[in-house]
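**Q** Have a look at this one before I ask anything.
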Amino acid sequence: MPAEGSYQASTYNLELDAEIQRLKAQVVLSWEKEARTLKWFGLADGMNVLEAGSGPGFFTEQLLKLLPNSLLTAVEIDPVLHEKALGYLQDKGGDRVNRIQASIADTGLEDNTFDFAIARLLFVHLPDPVAAAREIFRILKPSGKLVIIDSDADLFWLTNPPWSVEIVREKFKQVMASRGGNLCVGRNLCRILKEAKFGNVDLEAVVSHSDIIGIQAFEPLLDSGPILQMVKQGLISESEIESYLIYRDEFAAAGDRSMMSFWLMACGKKLNRYLP
Ligand SMILES: C[S@@+](CC[C@H](N)C(=O)[O-])C[C@H]1O[C@@H](n2cnc3c(N)ncnc32)[C@H](O)[C@@H]1O
């Protein structure tokens with residue numbers, strides 16, 4: 001079953017392996033702060049947890065370590081990533097992890113099953129994010145919570161020296177929108193939760209800074225593969241990315257460079273007043 005939205009791991013980057021390494025770096029970058037915020041939102045060991053859009057399994061691995069007595073169900077639509085995760089998690093979760101290949105819009109899972117659900121870097125790619133949130137609402141137990149972790153294209157990162165990415169960013173937004181995604185989903189997360197009938201909606205930001213975790217942690221995120229892939233696919237012209245690549249090289253060469261990135265974490269609760 002291919003993914004229905006703007007993310008296809010096999011064609012998103014120049015090489016699938018490069019894409020998998022990029023996903024891994026994105027998990028490592030901010031895991032500690034995301035874990036801290038997830039716990040603050042109420043995630044606790046022993047809960048029955050759903051992970052939506054689990055990809056190759058790096059975030060799943062961290063959740064398994066954080067929650068040693070929890071059962072974890074990982075839903076992933078892409079057969080290639082589903083297989084990768086099966087291999088990667090083979091000796092990590094034992095029978096605590098249940099991997100399901102399905103769309104988060106139609107999981108086939110039972111009503112009222114999970115205490116807590118997490119969807120990381122998934123909603124940005126969904127053509128109908130409210131439908132996905134409604135499906136998660138259905139399979140959460142009463143008082144269960146959903147946390148959506150995503151960013152927003154106009155917020156994603158800041159650098160010093162400044163790296164001008166406007167043309168590429170606008171093009172990226174257009175291409176993702178044409179595939180059914182929304183790179184500006186970050187600003188919509190609260191209303192997606194509300195439209196899906198979640199209550200007690202709240203929003204936090206996780207900020208990572210190279211002055212704290214080192215610039216090396218950001219290097220894999222500077223992978224221009226996804227942009228060059230769009231050039232290869234004829235979606236962005238070489239002239240449109242010219243200044244982006246010049247700034248990239250200048251940034252990479254700057255001795256005192258720094259970088260900060262922003263993830264948003266929106267949480268909603270399945271309140272009793274909405275139950276049938
Ligand atoms: C950018 S990756 C993020 C993977 C992982 N959550 C992480 O943080 O590293 C998005 C993932 O969502 C999956 N996905 C996309 N649409 C989906 C859908 N409708 N149902 C389930 N998974 C989906 C993709 O195949 C991919 O694995």
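For the structure tokens, the naming scheme is as follows: chains receive sequential letters (A, B, ...) according to their order of presentation, residues are indexed from 1 within each chain, and ligands are indexed from 1 in presentation order.
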Set the distance at 9 Å and use only C-alpha atoms: which residues neighbour range 103-109 of chain A once local chain neighbours fewer than 3 positions away are removed? I'd like the list as a PyMOL selection string.
**A** chain A and resi 1+3-4+52-53+75-78+100+113+128-129+131-136+139
**Q** Give me the residues within 8 Å of Gly144 in chain A as a list in words, counting only C-alpha atoms and dropping any in the same chain fewer than 4 places off.
**A**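 So, after excluding close chain neighbours, the residues are Phe114, Asp115, Phe116, Ala117, Leu140, Lys269 and Lys270 of chain A.
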**Q** Would you mind exporting the chosen residues as a PDB file, in the first residue's frame, restricted to N, CA, C and O atoms?
**A**
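The new file selection.pdb reads:
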```pdb
ATOM      1  N   PHE A 114      -6.099   2.579  23.189  1.00  0.00           N
ATOM      2  CA  PHE A 114      -4.792   3.142  23.596  1.00  0.00           C
ATOM      3  C   PHE A 114      -4.934   4.256  24.632  1.00  0.00           C
ATOM      4  O   PHE A 114      -5.897   5.018  24.627  1.00  0.00           O
ATOM      5  N   ASP A 115      -3.917   4.326  25.506  1.00  0.00           N
ATOM      6  CA  ASP A 115      -3.867   5.417  26.493  1.00  0.00           C
ATOM      7  C   ASP A 115      -3.259   6.678  25.896  1.00  0.00           C
ATOM      8  O   ASP A 115      -3.557   7.784  26.335  1.00  0.00           O
ATOM      9  N   PHE A 116      -2.354   6.491  24.935  1.00  0.00           N
ATOM     10  CA  PHE A 116      -1.573   7.633  24.440  1.00  0.00           C
ATOM     11  C   PHE A 116      -1.183   7.354  22.994  1.00  0.00           C
ATOM     12  O   PHE A 116      -0.804   6.227  22.659  1.00  0.00           O
ATOM     13  N   ALA A 117      -1.282   8.362  22.151  1.00  0.00           N
ATOM     14  CA  ALA A 117      -0.879   8.209  20.739  1.00  0.00           C
ATOM     15  C   ALA A 117       0.087   9.332  20.361  1.00  0.00           C
ATOM     16  O   ALA A 117      -0.067  10.469  20.828  1.00  0.00           O
ATOM     17  N   LEU A 140      -8.367   5.706  20.699  1.00  0.00           N
ATOM     18  CA  LEU A 140      -7.899   6.067  22.046  1.00  0.00           C
ATOM     19  C   LEU A 140      -8.968   5.707  23.073  1.00  0.00           C
ATOM     20  O   LEU A 140     -10.169   5.782  22.792  1.00  0.00           O
ATOM     21  N   LYS A 269      -6.883  15.869  24.233  1.00  0.00           N
ATOM     22  CA  LYS A 269      -7.382  14.783  25.094  1.00  0.00           C
ATOM     23  C   LYS A 269      -8.770  14.348  24.637  1.00  0.00           C
ATOM     24  O   LYS A 269      -9.598  15.198  24.254  1.00  0.00           O
ATOM     25  N   LYS A 270      -9.029  13.046  24.696  1.00  0.00           N
ATOM     26  CA  LYS A 270     -10.358  12.519  24.353  1.00  0.00           C
ATOM     27  C   LYS A 270     -11.263  12.689  25.570  1.00  0.00           C
ATOM     28  O   LYS A 270     -11.227  11.868  26.490  1.00  0.00           O
TER      29      LYS A 270
END
```
**Q** Can I get the residues close to ligand 1 as a VMD selection string, where close means within 8 Å and we count only C-alpha atoms and all ligand atoms?
**A** chain A and resid 2 to 9 23 to 24 26 to 27 51 to 59 75 to 78 81 to 82 101 to 105 119 to 123 125 to 126 132
**Q** Got a sec: who's within 12 Å of Glu170 in chain A, counting only C-alpha atoms, leaving out chain neighbours fewer than 5 positions off, as a PyMOL selection string?
**A** chain A and resi 153-154+164-165+175-177+182-184+227+236+240-241
**Q** Take the residues that were just selected and, keeping all heavy atoms, output them as a short mmCIF file (atom, residue, chain, number, x, y, z; two decimals), in the first residue's frame.
**A**
```
data_model
loop_
_atom_site.label_atom_id
_atom_site.label_comp_id
_atom_site.auth_asym_id
_atom_site.auth_seq_id
_atom_site.Cartn_x
_atom_site.Cartn_y
_atom_site.Cartn_z
N ALA A 153 7.05 25.25 7.87
CA ALA A 153 8.11 25.65 6.95
C ALA A 153 8.69 27.04 7.25
O ALA A 153 9.86 27.29 7.00
CB ALA A 153 7.59 25.63 5.51
N ASP A 154 7.86 27.93 7.81
CA ASP A 154 8.35 29.29 8.08
C ASP A 154 9.06 29.40 9.42
O ASP A 154 9.43 30.49 9.84
CB ASP A 154 7.19 30.28 7.99
CG ASP A 154 6.68 30.37 6.56
OD1 ASP A 154 7.51 30.35 5.63
OD2 ASP A 154 5.45 30.42 6.36
N SER A 164 19.84 31.94 3.11
CA SER A 164 18.62 32.37 2.43
C SER A 164 18.00 31.18 1.69
O SER A 164 18.58 30.64 0.76
CB SER A 164 18.95 33.49 1.45
OG SER A 164 17.83 33.77 0.69
N VAL A 165 16.82 30.79 2.12
CA VAL A 165 16.19 29.61 1.52
C VAL A 165 14.80 29.92 0.95
O VAL A 165 14.06 29.01 0.60
CB VAL A 165 16.05 28.47 2.57
CG1 VAL A 165 17.39 27.95 3.00
CG2 VAL A 165 15.23 28.92 3.78
N VAL A 175 5.38 22.02 -4.04
CA VAL A 175 5.48 20.61 -4.46
C VAL A 175 4.78 19.72 -3.44
O VAL A 175 4.00 18.82 -3.80
CB VAL A 175 6.96 20.20 -4.63
CG1 VAL A 175 7.07 18.71 -4.87
CG2 VAL A 175 7.60 20.96 -5.78
N MET A 176 5.01 19.97 -2.16
CA MET A 176 4.38 19.14 -1.13
C MET A 176 2.86 19.30 -1.17
O MET A 176 2.12 18.33 -1.01
CB MET A 176 4.92 19.50 0.26
CG MET A 176 6.41 19.28 0.40
SD MET A 176 6.89 17.60 0.00
CE MET A 176 6.83 16.91 1.60
N ALA A 177 2.39 20.53 -1.41
CA ALA A 177 0.94 20.76 -1.49
C ALA A 177 0.35 20.00 -2.68
O ALA A 177 -0.73 19.42 -2.59
CB ALA A 177 0.65 22.25 -1.59
N ASN A 182 1.17 19.46 3.56
CA ASN A 182 1.11 20.87 3.94
C ASN A 182 2.31 21.19 4.82
O ASN A 182 2.32 20.89 6.01
CB ASN A 182 -0.19 21.17 4.68
CG ASN A 182 -0.25 22.61 5.15
OD1 ASN A 182 0.60 23.43 4.78
ND2 ASN A 182 -1.25 22.93 5.95
N LEU A 183 3.34 21.82 4.22
CA LEU A 183 4.57 22.12 4.97
C LEU A 183 4.33 23.16 6.06
O LEU A 183 5.16 23.33 6.93
CB LEU A 183 5.66 22.64 4.03
CG LEU A 183 6.61 21.63 3.40
CD1 LEU A 183 7.77 22.37 2.75
CD2 LEU A 183 7.15 20.61 4.37
N CYS A 184 3.18 23.84 5.99
CA CYS A 184 2.86 24.84 7.02
C CYS A 184 1.87 24.27 8.04
O CYS A 184 1.12 25.03 8.67
CB CYS A 184 2.29 26.09 6.37
SG CYS A 184 3.49 26.91 5.30
N ILE A 227 16.01 18.22 -1.93
CA ILE A 227 15.90 19.33 -2.90
C ILE A 227 16.45 18.89 -4.26
O ILE A 227 15.82 19.11 -5.30
CB ILE A 227 16.73 20.55 -2.41
CG1 ILE A 227 16.32 20.97 -1.00
CG2 ILE A 227 16.65 21.71 -3.40
CD1 ILE A 227 15.05 21.73 -0.90
N ILE A 236 11.86 21.55 -9.58
CA ILE A 236 12.55 22.82 -9.29
C ILE A 236 13.68 22.94 -10.31
O ILE A 236 14.35 21.95 -10.60
CB ILE A 236 13.15 22.83 -7.86
CG1 ILE A 236 12.06 22.56 -6.81
CG2 ILE A 236 13.82 24.16 -7.58
CD1 ILE A 236 12.56 22.62 -5.37
N GLU A 240 16.80 27.92 -9.86
CA GLU A 240 16.08 28.24 -8.62
C GLU A 240 16.83 27.79 -7.37
O GLU A 240 16.66 28.38 -6.30
CB GLU A 240 14.67 27.61 -8.65
CG GLU A 240 13.70 28.41 -9.49
CD GLU A 240 12.37 27.70 -9.71
OE1 GLU A 240 12.37 26.46 -9.89
OE2 GLU A 240 11.35 28.36 -9.71
N ILE A 241 17.64 26.74 -7.49
CA ILE A 241 18.35 26.29 -6.28
C ILE A 241 19.78 26.83 -6.21
O ILE A 241 20.48 26.57 -5.23
CB ILE A 241 18.37 24.76 -6.14
CG1 ILE A 241 19.17 24.09 -7.26
CG2 ILE A 241 16.99 24.18 -5.99
CD1 ILE A 241 19.67 22.73 -6.83
#
```
**Q** Taking into account only C-alpha atoms, which residue in the set A:Trp157, A:Met260, A:Asn112, A:Pro68 is nearest to Pro142 in chain A?
**A**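 For Pro142 in chain A, the nearest of the candidates is A:Asn112.
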**Q** As a VMD selection string, please: every residue in range 21-262 of chain A that a backbone DSSP assignment puts in alpha helix (DSSP H).
**A** chain A and resid 21 to 41 58 to 66 79 to 89 129 to 139 166 to 178 189 to 195 210 to 213 225 to 232 238 to 253
**Q** DSSP says strand (DSSP E or B) for which residues of range 33-98 of chain A? Put them as a PDB file with N, CA and C atoms, in the first residue's frame?
**A**
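Saved result, result.pdb, follows:
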```pdb
ATOM      1  N   ASN A  48      -0.561   1.808  27.242  1.00  0.00           N
ATOM      2  CA  ASN A  48      -0.682   1.172  25.925  1.00  0.00           C
ATOM      3  C   ASN A  48      -0.563   2.297  24.888  1.00  0.00           C
ATOM      4  N   VAL A  49       0.507   2.264  24.090  1.00  0.00           N
ATOM      5  CA  VAL A  49       0.875   3.433  23.271  1.00  0.00           C
ATOM      6  C   VAL A  49       0.771   3.118  21.774  1.00  0.00           C
ATOM      7  N   LEU A  50       0.244   4.080  21.033  1.00  0.00           N
ATOM      8  CA  LEU A  50       0.180   3.998  19.564  1.00  0.00           C
ATOM      9  C   LEU A  50       1.177   4.973  18.967  1.00  0.00           C
ATOM     10  N   GLU A  51       1.977   4.496  18.018  1.00  0.00           N
ATOM     11  CA  GLU A  51       2.835   5.408  17.255  1.00  0.00           C
ATOM     12  C   GLU A  51       2.369   5.393  15.806  1.00  0.00           C
ATOM     13  N   ALA A  52       1.975   6.554  15.298  1.00  0.00           N
ATOM     14  CA  ALA A  52       1.422   6.644  13.940  1.00  0.00           C
ATOM     15  C   ALA A  52       2.485   7.134  12.971  1.00  0.00           C
ATOM     16  N   LEU A  71       3.223  -1.495  26.181  1.00  0.00           N
ATOM     17  CA  LEU A  71       3.011  -2.124  24.877  1.00  0.00           C
ATOM     18  C   LEU A  71       2.950  -1.003  23.852  1.00  0.00           C
ATOM     19  N   LEU A  72       3.548  -1.244  22.686  1.00  0.00           N
ATOM     20  CA  LEU A  72       3.627  -0.205  21.662  1.00  0.00           C
ATOM     21  C   LEU A  72       3.106  -0.768  20.342  1.00  0.00           C
ATOM     22  N   THR A  73       2.159  -0.067  19.741  1.00  0.00           N
ATOM     23  CA  THR A  73       1.680  -0.448  18.407  1.00  0.00           C
ATOM     24  C   THR A  73       2.151   0.606  17.422  1.00  0.00           C
ATOM     25  N   ALA A  74       2.918   0.181  16.416  1.00  0.00           N
ATOM     26  CA  ALA A  74       3.488   1.110  15.431  1.00  0.00           C
ATOM     27  C   ALA A  74       2.767   0.903  14.099  1.00  0.00           C
ATOM     28  N   VAL A  75       2.076   1.949  13.633  1.00  0.00           N
ATOM     29  CA  VAL A  75       1.327   1.873  12.371  1.00  0.00           C
ATOM     30  C   VAL A  75       2.123   2.601  11.291  1.00  0.00           C
ATOM     31  N   GLU A  76       2.415   1.898  10.203  1.00  0.00           N
ATOM     32  CA  GLU A  76       3.212   2.476   9.113  1.00  0.00           C
ATOM     33  C   GLU A  76       2.616   2.015   7.785  1.00  0.00           C
ATOM     34  N   VAL A  97       6.270  -4.877  21.080  1.00  0.00           N
ATOM     35  CA  VAL A  97       5.951  -4.007  19.945  1.00  0.00           C
ATOM     36  C   VAL A  97       5.177  -4.766  18.873  1.00  0.00           C
ATOM     37  N   ASN A  98       4.075  -4.143  18.476  1.00  0.00           N
ATOM     38  CA  ASN A  98       3.196  -4.711  17.468  1.00  0.00           C
ATOM     39  C   ASN A  98       3.256  -3.785  16.258  1.00  0.00           C
TER      40      ASN A  98
END
```
**Q** For CA of Gly186 in chain A and CA of Ala205 in chain A, quote the distance in Å rounded to one decimal.
**A**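 About the pair CA of Gly186 in chain A and CA of Ala205 in chain A: they are 10.3 Å apart.
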**Q** Quick one: of A:Glu204, A:Glu195, A:Glu242, A:Glu15, who's nearest to Ala266 in chain A, counting only C-alpha atoms?
**A**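 Checking each candidate against Ala266 in chain A, we get A:Glu204 as the closest.
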**Q** Give one line per residue of range 94-153 of chain A that approaches range 206-223 of chain A to at most 12 Å, naming the two atoms of the closest pair and their distance in Å to one decimal, counting only C-alpha atoms; sort by chain then ascending residue number and deliver it as CSV.
**A**
```
residue,atom,partner,partner_atom,distance
A:Ile149,CA,A:Val206,CA,9.5
A:Asp150,CA,A:Val206,CA,10.2
A:Ser151,CA,A:Val206,CA,9.8
```
